[in-house]
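Participant: I'm passing along run_17.pdb; it holds PDB, N, CA, C and O atoms.
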```pdb
ATOM      1  N   MET G   1      54.847 259.748 241.927  1.00  0.00           N
ATOM      2  CA  MET G   1      55.460 259.735 243.240  1.00  0.00           C
ATOM      3  C   MET G   1      55.800 258.289 243.620  1.00  0.00           C
ATOM      4  O   MET G   1      54.965 257.398 243.529  1.00  0.00           O
ATOM      5  N   ASP G   2      57.037 258.067 244.025  1.00  0.00           N
ATOM      6  CA  ASP G   2      57.471 256.732 244.437  1.00  0.00           C
ATOM      7  C   ASP G   2      57.035 256.475 245.869  1.00  0.00           C
ATOM      8  O   ASP G   2      57.181 257.324 246.741  1.00  0.00           O
ATOM      9  N   GLU G   3      56.522 255.271 246.087  1.00  0.00           N
ATOM     10  CA  GLU G   3      56.128 254.899 247.433  1.00  0.00           C
ATOM     11  C   GLU G   3      57.299 254.213 248.132  1.00  0.00           C
ATOM     12  O   GLU G   3      58.043 253.466 247.513  1.00  0.00           O
ATOM     13  N   LYS G   4      57.411 254.449 249.402  1.00  0.00           N
ATOM     14  CA  LYS G   4      58.474 253.862 250.198  1.00  0.00           C
ATOM     15  C   LYS G   4      58.078 252.424 250.560  1.00  0.00           C
ATOM     16  O   LYS G   4      56.939 252.171 250.952  1.00  0.00           O
ATOM     17  N   PRO G   5      59.013 251.499 250.445  1.00  0.00           N
ATOM     18  CA  PRO G   5      58.694 250.111 250.826  1.00  0.00           C
ATOM     19  C   PRO G   5      58.369 250.016 252.317  1.00  0.00           C
ATOM     20  O   PRO G   5      58.958 250.708 253.137  1.00  0.00           O
ATOM     21  N   ARG G   6      57.437 249.134 252.616  1.00  0.00           N
ATOM     22  CA  ARG G   6      57.114 248.810 254.001  1.00  0.00           C
ATOM     23  C   ARG G   6      57.379 247.323 254.157  1.00  0.00           C
ATOM     24  O   ARG G   6      57.092 246.544 253.255  1.00  0.00           O
ATOM     25  N   TYR G   7      57.919 246.952 255.283  1.00  0.00           N
ATOM     26  CA  TYR G   7      58.335 245.577 255.514  1.00  0.00           C
ATOM     27  C   TYR G   7      57.540 244.959 256.648  1.00  0.00           C
ATOM     28  O   TYR G   7      57.190 245.632 257.620  1.00  0.00           O
ATOM     29  N   TYR G   8      57.296 243.661 256.514  1.00  0.00           N
ATOM     30  CA  TYR G   8      56.499 242.928 257.495  1.00  0.00           C
ATOM     31  C   TYR G   8      57.107 241.548 257.682  1.00  0.00           C
ATOM     32  O   TYR G   8      57.824 241.050 256.824  1.00  0.00           O
ATOM     33  N   LYS G   9      56.774 240.933 258.808  1.00  0.00           N
ATOM     34  CA  LYS G   9      57.112 239.532 259.003  1.00  0.00           C
ATOM     35  C   LYS G   9      55.926 238.873 259.674  1.00  0.00           C
ATOM     36  O   LYS G   9      55.104 239.533 260.316  1.00  0.00           O
ATOM     37  N   PHE G  10      55.840 237.570 259.506  1.00  0.00           N
ATOM     38  CA  PHE G  10      54.787 236.822 260.159  1.00  0.00           C
ATOM     39  C   PHE G  10      55.154 236.640 261.624  1.00  0.00           C
ATOM     40  O   PHE G  10      56.323 236.456 261.959  1.00  0.00           O
ATOM     41  N   VAL G  11      54.153 236.689 262.485  1.00  0.00           N
ATOM     42  CA  VAL G  11      54.374 236.505 263.915  1.00  0.00           C
ATOM     43  C   VAL G  11      55.059 235.163 264.153  1.00  0.00           C
ATOM     44  O   VAL G  11      56.013 235.067 264.924  1.00  0.00           O
ATOM     45  N   LEU G  12      54.581 234.141 263.480  1.00  0.00           N
ATOM     46  CA  LEU G  12      55.202 232.818 263.550  1.00  0.00           C
ATOM     47  C   LEU G  12      55.940 232.560 262.246  1.00  0.00           C
ATOM     48  O   LEU G  12      55.388 232.770 261.176  1.00  0.00           O
ATOM     49  N   GLY G  13      57.159 232.128 262.326  1.00  0.00           N
ATOM     50  CA  GLY G  13      57.941 231.846 261.125  1.00  0.00           C
ATOM     51  C   GLY G  13      58.933 232.954 260.835  1.00  0.00           C
ATOM     52  O   GLY G  13      59.063 233.918 261.587  1.00  0.00           O
ATOM     53  N   SER G  14      59.604 232.808 259.716  1.00  0.00           N
ATOM     54  CA  SER G  14      60.669 233.765 259.392  1.00  0.00           C
ATOM     55  C   SER G  14      60.492 234.418 258.021  1.00  0.00           C
ATOM     56  O   SER G  14      61.438 234.976 257.492  1.00  0.00           O
ATOM     57  N   VAL G  15      59.297 234.359 257.467  1.00  0.00           N
ATOM     58  CA  VAL G  15      59.044 234.946 256.149  1.00  0.00           C
ATOM     59  C   VAL G  15      58.981 236.466 256.273  1.00  0.00           C
ATOM     60  O   VAL G  15      58.281 237.010 257.125  1.00  0.00           O
ATOM     61  N   ILE G  16      59.744 237.154 255.415  1.00  0.00           N
ATOM     62  CA  ILE G  16      59.764 238.613 255.354  1.00  0.00           C
ATOM     63  C   ILE G  16      58.999 239.038 254.105  1.00  0.00           C
ATOM     64  O   ILE G  16      59.214 238.496 253.017  1.00  0.00           O
ATOM     65  N   VAL G  17      58.109 240.017 254.260  1.00  0.00           N
ATOM     66  CA  VAL G  17      57.269 240.494 253.167  1.00  0.00           C
ATOM     67  C   VAL G  17      57.545 241.984 252.958  1.00  0.00           C
ATOM     68  O   VAL G  17      57.720 242.731 253.920  1.00  0.00           O
ATOM     69  N   ARG G  18      57.586 242.383 251.690  1.00  0.00           N
ATOM     70  CA  ARG G  18      57.791 243.789 251.338  1.00  0.00           C
ATOM     71  C   ARG G  18      56.593 244.245 250.516  1.00  0.00           C
ATOM     72  O   ARG G  18      56.156 243.558 249.596  1.00  0.00           O
ATOM     73  N   ARG G  19      56.085 245.424 250.855  1.00  0.00           N
ATOM     74  CA  ARG G  19      54.960 245.986 250.102  1.00  0.00           C
ATOM     75  C   ARG G  19      55.339 247.369 249.614  1.00  0.00           C
ATOM     76  O   ARG G  19      55.768 248.222 250.385  1.00  0.00           O
ATOM     77  N   ILE G  20      55.181 247.564 248.311  1.00  0.00           N
ATOM     78  CA  ILE G  20      55.412 248.866 247.687  1.00  0.00           C
ATOM     79  C   ILE G  20      54.151 249.164 246.889  1.00  0.00           C
ATOM     80  O   ILE G  20      53.954 248.608 245.804  1.00  0.00           O
ATOM     81  N   GLY G  21      53.280 249.992 247.455  1.00  0.00           N
ATOM     82  CA  GLY G  21      51.993 250.248 246.811  1.00  0.00           C
ATOM     83  C   GLY G  21      51.179 248.970 246.765  1.00  0.00           C
ATOM     84  O   GLY G  21      50.941 248.346 247.788  1.00  0.00           O
ATOM     85  N   ASP G  22      50.780 248.559 245.566  1.00  0.00           N
ATOM     86  CA  ASP G  22      50.007 247.334 245.399  1.00  0.00           C
ATOM     87  C   ASP G  22      50.890 246.108 245.178  1.00  0.00           C
ATOM     88  O   ASP G  22      50.389 244.987 245.136  1.00  0.00           O
ATOM     89  N   LYS G  23      52.179 246.315 245.016  1.00  0.00           N
ATOM     90  CA  LYS G  23      53.115 245.216 244.750  1.00  0.00           C
ATOM     91  C   LYS G  23      53.550 244.573 246.064  1.00  0.00           C
ATOM     92  O   LYS G  23      54.013 245.259 246.980  1.00  0.00           O
ATOM     93  N   ILE G  24      53.391 243.260 246.148  1.00  0.00           N
ATOM     94  CA  ILE G  24      53.753 242.524 247.356  1.00  0.00           C
ATOM     95  C   ILE G  24      54.748 241.439 246.982  1.00  0.00           C
ATOM     96  O   ILE G  24      54.519 240.665 246.043  1.00  0.00           O
ATOM     97  N   GLU G  25      55.853 241.391 247.730  1.00  0.00           N
ATOM     98  CA  GLU G  25      56.904 240.415 247.473  1.00  0.00           C
ATOM     99  C   GLU G  25      57.338 239.787 248.789  1.00  0.00           C
ATOM    100  O   GLU G  25      57.169 240.377 249.850  1.00  0.00           O
ATOM    101  N   LYS G  26      57.894 238.585 248.698  1.00  0.00           N
ATOM    102  CA  LYS G  26      58.475 237.955 249.877  1.00  0.00           C
ATOM    103  C   LYS G  26      59.940 237.688 249.606  1.00  0.00           C
ATOM    104  O   LYS G  26      60.348 237.507 248.460  1.00  0.00           O
ATOM    105  N   LYS G  27      60.725 237.691 250.658  1.00  0.00           N
ATOM    106  CA  LYS G  27      62.159 237.442 250.526  1.00  0.00           C
ATOM    107  C   LYS G  27      62.361 235.931 250.471  1.00  0.00           C
ATOM    108  O   LYS G  27      62.027 235.218 251.413  1.00  0.00           O
ATOM    109  N   GLY G  28      62.887 235.463 249.347  1.00  0.00           N
ATOM    110  CA  GLY G  28      63.091 234.035 249.152  1.00  0.00           C
ATOM    111  C   GLY G  28      64.300 233.514 249.904  1.00  0.00           C
ATOM    112  O   GLY G  28      65.101 234.281 250.454  1.00  0.00           O
ATOM    113  N   LYS G  29      64.441 232.207 249.922  1.00  0.00           N
ATOM    114  CA  LYS G  29      65.560 231.569 250.618  1.00  0.00           C
ATOM    115  C   LYS G  29      66.908 232.006 250.057  1.00  0.00           C
ATOM    116  O   LYS G  29      67.903 232.021 250.760  1.00  0.00           O
ATOM    117  N   ASN G  30      66.916 232.384 248.782  1.00  0.00           N
ATOM    118  CA  ASN G  30      68.154 232.827 248.134  1.00  0.00           C
ATOM    119  C   ASN G  30      68.440 234.306 248.386  1.00  0.00           C
ATOM    120  O   ASN G  30      69.409 234.851 247.874  1.00  0.00           O
ATOM    121  N   GLY G  31      67.549 234.976 249.171  1.00  0.00           N
ATOM    122  CA  GLY G  31      67.741 236.384 249.485  1.00  0.00           C
ATOM    123  C   GLY G  31      67.163 237.346 248.464  1.00  0.00           C
ATOM    124  O   GLY G  31      67.219 238.546 248.653  1.00  0.00           O
ATOM    125  N   LEU G  32      66.596 236.812 247.384  1.00  0.00           N
ATOM    126  CA  LEU G  32      65.991 237.656 246.347  1.00  0.00           C
ATOM    127  C   LEU G  32      64.500 237.821 246.614  1.00  0.00           C
ATOM    128  O   LEU G  32      63.856 236.932 247.161  1.00  0.00           O
ATOM    129  N   TRP G  33      63.970 238.963 246.207  1.00  0.00           N
ATOM    130  CA  TRP G  33      62.552 239.229 246.379  1.00  0.00           C
ATOM    131  C   TRP G  33      61.754 238.544 245.280  1.00  0.00           C
ATOM    132  O   TRP G  33      62.088 238.649 244.104  1.00  0.00           O
ATOM    133  N   GLU G  34      60.696 237.827 245.673  1.00  0.00           N
ATOM    134  CA  GLU G  34      59.852 237.070 244.743  1.00  0.00           C
ATOM    135  C   GLU G  34      58.421 237.575 244.856  1.00  0.00           C
ATOM    136  O   GLU G  34      57.986 237.999 245.930  1.00  0.00           O
ATOM    137  N   ASP G  35      57.677 237.491 243.760  1.00  0.00           N
ATOM    138  CA  ASP G  35      56.278 237.905 243.758  1.00  0.00           C
ATOM    139  C   ASP G  35      55.501 237.142 244.834  1.00  0.00           C
ATOM    140  O   ASP G  35      55.660 235.931 244.990  1.00  0.00           O
ATOM    141  N   ALA G  36      54.677 237.867 245.561  1.00  0.00           N
ATOM    142  CA  ALA G  36      53.824 237.250 246.589  1.00  0.00           C
ATOM    143  C   ALA G  36      52.441 237.897 246.566  1.00  0.00           C
ATOM    144  O   ALA G  36      51.847 238.182 247.603  1.00  0.00           O
ATOM    145  N   GLY G  37      51.947 238.122 245.363  1.00  0.00           N
ATOM    146  CA  GLY G  37      50.628 238.724 245.207  1.00  0.00           C
ATOM    147  C   GLY G  37      49.531 237.934 245.891  1.00  0.00           C
ATOM    148  O   GLY G  37      48.491 238.485 246.256  1.00  0.00           O
ATOM    149  N   ASN G  38      49.779 236.645 246.113  1.00  0.00           N
ATOM    150  CA  ASN G  38      48.803 235.800 246.787  1.00  0.00           C
ATOM    151  C   ASN G  38      48.586 236.218 248.249  1.00  0.00           C
ATOM    152  O   ASN G  38      47.627 235.792 248.880  1.00  0.00           O
ATOM    153  N   LEU G  39      49.457 237.065 248.780  1.00  0.00           N
ATOM    154  CA  LEU G  39      49.304 237.528 250.160  1.00  0.00           C
ATOM    155  C   LEU G  39      48.503 238.830 250.267  1.00  0.00           C
ATOM    156  O   LEU G  39      48.292 239.336 251.371  1.00  0.00           O
ATOM    157  N   ALA G  40      48.043 239.352 249.147  1.00  0.00           N
ATOM    158  CA  ALA G  40      47.327 240.633 249.141  1.00  0.00           C
ATOM    159  C   ALA G  40      46.115 240.616 250.067  1.00  0.00           C
ATOM    160  O   ALA G  40      45.816 241.620 250.718  1.00  0.00           O
ATOM    161  N   TRP G  41      45.439 239.510 250.155  1.00  0.00           N
ATOM    162  CA  TRP G  41      44.250 239.430 251.009  1.00  0.00           C
ATOM    163  C   TRP G  41      44.587 239.720 252.468  1.00  0.00           C
ATOM    164  O   TRP G  41      43.775 240.253 253.209  1.00  0.00           O
ATOM    165  N   ARG G  42      45.798 239.407 252.889  1.00  0.00           N
ATOM    166  CA  ARG G  42      46.185 239.654 254.282  1.00  0.00           C
ATOM    167  C   ARG G  42      46.199 241.155 254.589  1.00  0.00           C
ATOM    168  O   ARG G  42      45.891 241.571 255.692  1.00  0.00           O
ATOM    169  N   PHE G  43      46.554 241.963 253.599  1.00  0.00           N
ATOM    170  CA  PHE G  43      46.582 243.408 253.793  1.00  0.00           C
ATOM    171  C   PHE G  43      45.180 244.008 253.697  1.00  0.00           C
ATOM    172  O   PHE G  43      44.853 244.942 254.416  1.00  0.00           O
ATOM    173  N   SER G  44      44.359 243.475 252.818  1.00  0.00           N
ATOM    174  CA  SER G  44      43.011 244.020 252.648  1.00  0.00           C
ATOM    175  C   SER G  44      42.102 243.672 253.815  1.00  0.00           C
ATOM    176  O   SER G  44      41.095 244.334 254.037  1.00  0.00           O
ATOM    177  N   ARG G  45      42.460 242.652 254.583  1.00  0.00           N
ATOM    178  CA  ARG G  45      41.637 242.240 255.722  1.00  0.00           C
ATOM    179  C   ARG G  45      42.300 242.550 257.067  1.00  0.00           C
ATOM    180  O   ARG G  45      41.879 242.054 258.093  1.00  0.00           O
ATOM    181  N   ASP G  46      43.353 243.362 257.037  1.00  0.00           N
ATOM    182  CA  ASP G  46      44.064 243.730 258.265  1.00  0.00           C
ATOM    183  C   ASP G  46      44.438 242.502 259.100  1.00  0.00           C
ATOM    184  O   ASP G  46      44.219 242.457 260.306  1.00  0.00           O
ATOM    185  N   ASP G  47      44.993 241.521 258.434  1.00  0.00           N
ATOM    186  CA  ASP G  47      45.421 240.283 259.091  1.00  0.00           C
ATOM    187  C   ASP G  47      46.475 240.604 260.151  1.00  0.00           C
ATOM    188  O   ASP G  47      47.480 241.232 259.859  1.00  0.00           O
ATOM    189  N   ASP G  48      46.241 240.177 261.370  1.00  0.00           N
ATOM    190  CA  ASP G  48      47.181 240.498 262.444  1.00  0.00           C
ATOM    191  C   ASP G  48      48.302 239.472 262.595  1.00  0.00           C
ATOM    192  O   ASP G  48      49.062 239.532 263.559  1.00  0.00           O
ATOM    193  N   SER G  49      48.430 238.548 261.642  1.00  0.00           N
ATOM    194  CA  SER G  49      49.562 237.611 261.684  1.00  0.00           C
ATOM    195  C   SER G  49      50.810 238.225 261.057  1.00  0.00           C
ATOM    196  O   SER G  49      51.888 237.662 261.143  1.00  0.00           O
ATOM    197  N   LEU G  50      50.661 239.402 260.420  1.00  0.00           N
ATOM    198  CA  LEU G  50      51.791 240.145 259.863  1.00  0.00           C
ATOM    199  C   LEU G  50      52.040 241.371 260.736  1.00  0.00           C
ATOM    200  O   LEU G  50      51.110 242.112 261.051  1.00  0.00           O
ATOM    201  N   ILE G  51      53.295 241.574 261.132  1.00  0.00           N
ATOM    202  CA  ILE G  51      53.639 242.763 261.904  1.00  0.00           C
ATOM    203  C   ILE G  51      54.670 243.570 261.128  1.00  0.00           C
ATOM    204  O   ILE G  51      55.546 243.011 260.471  1.00  0.00           O
ATOM    205  N   GLU G  52      54.541 244.869 261.189  1.00  0.00           N
ATOM    206  CA  GLU G  52      55.470 245.735 260.460  1.00  0.00           C
ATOM    207  C   GLU G  52      56.823 245.758 261.167  1.00  0.00           C
ATOM    208  O   GLU G  52      56.891 245.784 262.397  1.00  0.00           O
ATOM    209  N   ILE G  53      57.883 245.717 260.370  1.00  0.00           N
ATOM    210  CA  ILE G  53      59.243 245.766 260.897  1.00  0.00           C
ATOM    211  C   ILE G  53      60.022 246.848 260.148  1.00  0.00           C
ATOM    212  O   ILE G  53      59.586 247.329 259.108  1.00  0.00           O
ATOM    213  N   SER G  54      61.177 247.195 260.666  1.00  0.00           N
ATOM    214  CA  SER G  54      61.997 248.230 260.038  1.00  0.00           C
ATOM    215  C   SER G  54      62.873 247.634 258.934  1.00  0.00           C
ATOM    216  O   SER G  54      63.129 246.425 258.909  1.00  0.00           O
ATOM    217  N   GLU G  55      63.358 248.505 258.072  1.00  0.00           N
ATOM    218  CA  GLU G  55      64.273 248.063 257.017  1.00  0.00           C
ATOM    219  C   GLU G  55      65.554 247.503 257.639  1.00  0.00           C
ATOM    220  O   GLU G  55      66.150 246.557 257.126  1.00  0.00           O
ATOM    221  N   LYS G  56      65.952 248.065 258.750  1.00  0.00           N
ATOM    222  CA  LYS G  56      67.143 247.592 259.461  1.00  0.00           C
ATOM    223  C   LYS G  56      66.985 246.134 259.890  1.00  0.00           C
ATOM    224  O   LYS G  56      67.912 245.335 259.765  1.00  0.00           O
ATOM    225  N   GLU G  57      65.790 245.765 260.359  1.00  0.00           N
ATOM    226  CA  GLU G  57      65.517 244.384 260.748  1.00  0.00           C
ATOM    227  C   GLU G  57      65.594 243.457 259.545  1.00  0.00           C
ATOM    228  O   GLU G  57      66.050 242.323 259.655  1.00  0.00           O
ATOM    229  N   VAL G  58      65.150 243.932 258.387  1.00  0.00           N
ATOM    230  CA  VAL G  58      65.190 243.136 257.164  1.00  0.00           C
ATOM    231  C   VAL G  58      66.630 242.851 256.780  1.00  0.00           C
ATOM    232  O   VAL G  58      66.997 241.730 256.431  1.00  0.00           O
ATOM    233  N   MET G  59      67.469 243.869 256.845  1.00  0.00           N
ATOM    234  CA  MET G  59      68.861 243.736 256.447  1.00  0.00           C
ATOM    235  C   MET G  59      69.641 242.801 257.366  1.00  0.00           C
ATOM    236  O   MET G  59      70.599 242.162 256.944  1.00  0.00           O
ATOM    237  N   SER G  60      69.202 242.694 258.612  1.00  0.00           N
ATOM    238  CA  SER G  60      69.914 241.835 259.553  1.00  0.00           C
ATOM    239  C   SER G  60      69.416 240.392 259.518  1.00  0.00           C
ATOM    240  O   SER G  60      69.972 239.530 260.181  1.00  0.00           O
ATOM    241  N   SER G  61      68.369 240.125 258.736  1.00  0.00           N
ATOM    242  CA  SER G  61      67.854 238.751 258.680  1.00  0.00           C
ATOM    243  C   SER G  61      68.371 237.990 257.488  1.00  0.00           C
ATOM    244  O   SER G  61      68.886 238.503 256.556  1.00  0.00           O
TER     245      SER G  61
END
```
Since I need it in another form, could you write the structure as structure tokens?
Facilitator:
Amino acid sequence: MDEKPRYYKFVLGSVIVRRIGDKIEKKGKNGLWEDAGNLAWRFSRDDDSLIEISEKEVMSS
């Protein structure tokens, strides 16, 4: 079963993060998705500096 991507952004700053299951990526300056496995701890600890956003918001950024 394919998991649907979920998108997040940091409360401060403009970094966009995408999570698909255990895979975590950030949107790079060039617009391409890059590995961001180093951010996994933020999800496991319910870090409130990341807020969920819609795919529509991602496309407009």
Participant: In Å to one decimal, how far is CA of Ile20 (chain G) from CA of Glu3 (chain G)?
Facilitator: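 We find that CA of Glu3 (chain G) and CA of Ile20 (chain G) lie 6.1 Å from each other.
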Participant: In Å, rounded to a single decimal, give me how far atom O of Leu50 (chain G) is from atom O of Lys27 (chain G).
Facilitator: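 Atom O of Lys27 (chain G) sits 16.1 Å away from atom O of Leu50 (chain G).
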Participant: Around all the atoms of region 51-55 of chain G listed in the file, with 5 Å of room on each side, what axis-aligned box do you get, giving centre and edge lengths in Å to one decimal, as JSON?
Facilitator:
```
{"center_x": 59.7, "center_y": 245.0, "center_z": 259.7, "size_x": 22.9, "size_y": 16.9, "size_z": 15.4}
```
Participant: Could you give me, as a ChimeraX atom specification, each residue of chain G that DSSP assigns to strand (DSSP E or B) when run on this structure's backbone?
Facilitator: /G:6-10,16-20,23-27,33-35,50-53
Participant: To one decimal in Å, tell me the separation between CA of Glu55 (chain G) and CA of Tyr7 (chain G).
Facilitator: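 About the pair CA of Glu55 (chain G) and CA of Tyr7 (chain G): they are 6.6 Å apart.
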Participant: Please, which residues are within 6 Å of (54.2, 253.0, 252.3) by the file's coordinates, counting all atoms listed in the file, and could they come as number ranges by chain?
Facilitator: G: 3-6, 19, 21
Participant: I need the residues from that last selection saved to file as an mmCIF file, in the frame of the given file (with N, CA, C and O atoms), if you can.
Facilitator:
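Output contents, as saved in result_12.cif:
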```cif
data_model
loop_
_atom_site.group_PDB
_atom_site.id
_atom_site.type_symbol
_atom_site.label_atom_id
_atom_site.label_comp_id
_atom_site.auth_asym_id
_atom_site.auth_seq_id
_atom_site.Cartn_x
_atom_site.Cartn_y
_atom_site.Cartn_z
ATOM 1 N N GLU G 3 56.522 255.271 246.087
ATOM 2 C CA GLU G 3 56.128 254.899 247.433
ATOM 3 C C GLU G 3 57.299 254.213 248.132
ATOM 4 O O GLU G 3 58.043 253.466 247.513
ATOM 5 N N LYS G 4 57.411 254.449 249.402
ATOM 6 C CA LYS G 4 58.474 253.862 250.198
ATOM 7 C C LYS G 4 58.078 252.424 250.560
ATOM 8 O O LYS G 4 56.939 252.171 250.952
ATOM 9 N N PRO G 5 59.013 251.499 250.445
ATOM 10 C CA PRO G 5 58.694 250.111 250.826
ATOM 11 C C PRO G 5 58.369 250.016 252.317
ATOM 12 O O PRO G 5 58.958 250.708 253.137
ATOM 13 N N ARG G 6 57.437 249.134 252.616
ATOM 14 C CA ARG G 6 57.114 248.810 254.001
ATOM 15 C C ARG G 6 57.379 247.323 254.157
ATOM 16 O O ARG G 6 57.092 246.544 253.255
ATOM 17 N N ARG G 19 56.085 245.424 250.855
ATOM 18 C CA ARG G 19 54.960 245.986 250.102
ATOM 19 C C ARG G 19 55.339 247.369 249.614
ATOM 20 O O ARG G 19 55.768 248.222 250.385
ATOM 21 N N GLY G 21 53.280 249.992 247.455
ATOM 22 C CA GLY G 21 51.993 250.248 246.811
ATOM 23 C C GLY G 21 51.179 248.970 246.765
ATOM 24 O O GLY G 21 50.941 248.346 247.788
#
```
Participant: DSSP says alpha helix (DSSP H) for which residues of chain G? Put them as a list of chain:residue names?
Facilitator: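 Taking chain G and keeping alpha helix (DSSP H) only, one gets G:Ala40, G:Trp41, G:Arg42, G:Phe43, G:Ser44, G:Glu55, G:Lys56, G:Glu57, G:Val58, G:Met59.
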Participant: Given the choices G:Lys29, G:Lys9, G:Arg18, G:Lys23, which gets closest to Ser49 (chain G) if the distance is worked out from only N, CA, C and O atoms?
Facilitator: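 Nearest to Ser49 (chain G): G:Lys9.
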Participant: Find the spatial neighbours of Ala36 (chain G), counting only C-alpha atoms, within a cut-off of 6 Å - ignore same-chain residues fewer than 2 positions away - and output them as an NGL selection string.
Facilitator: :G and (24-26 or 38-39)
Participant: Select all residues near (48.8, 238.9, 262.6) (cut-off 12 Å, inclusive, file coordinates), counting only C-alpha atoms, and output them as a list in words.
Facilitator: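 All residues meeting the 12 Å criterion around (48.8, 238.9, 262.6) are Tyr8, Lys9, Phe10, Val11, Leu12, Gly13, Arg42, Phe43, Arg45, Asp46, Asp47, Asp48, Ser49, Leu50, Ile51 and Glu52 of chain G.
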Participant: For a quick check of understanding, using all atoms listed in the file, which of G:Val15, G:Met59, G:Ile53, G:Asp22 has the smallest distance to Ala40 (chain G)?
Facilitator: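 The shortest atom-to-atom distance to Ala40 (chain G) comes from G:Asp22.
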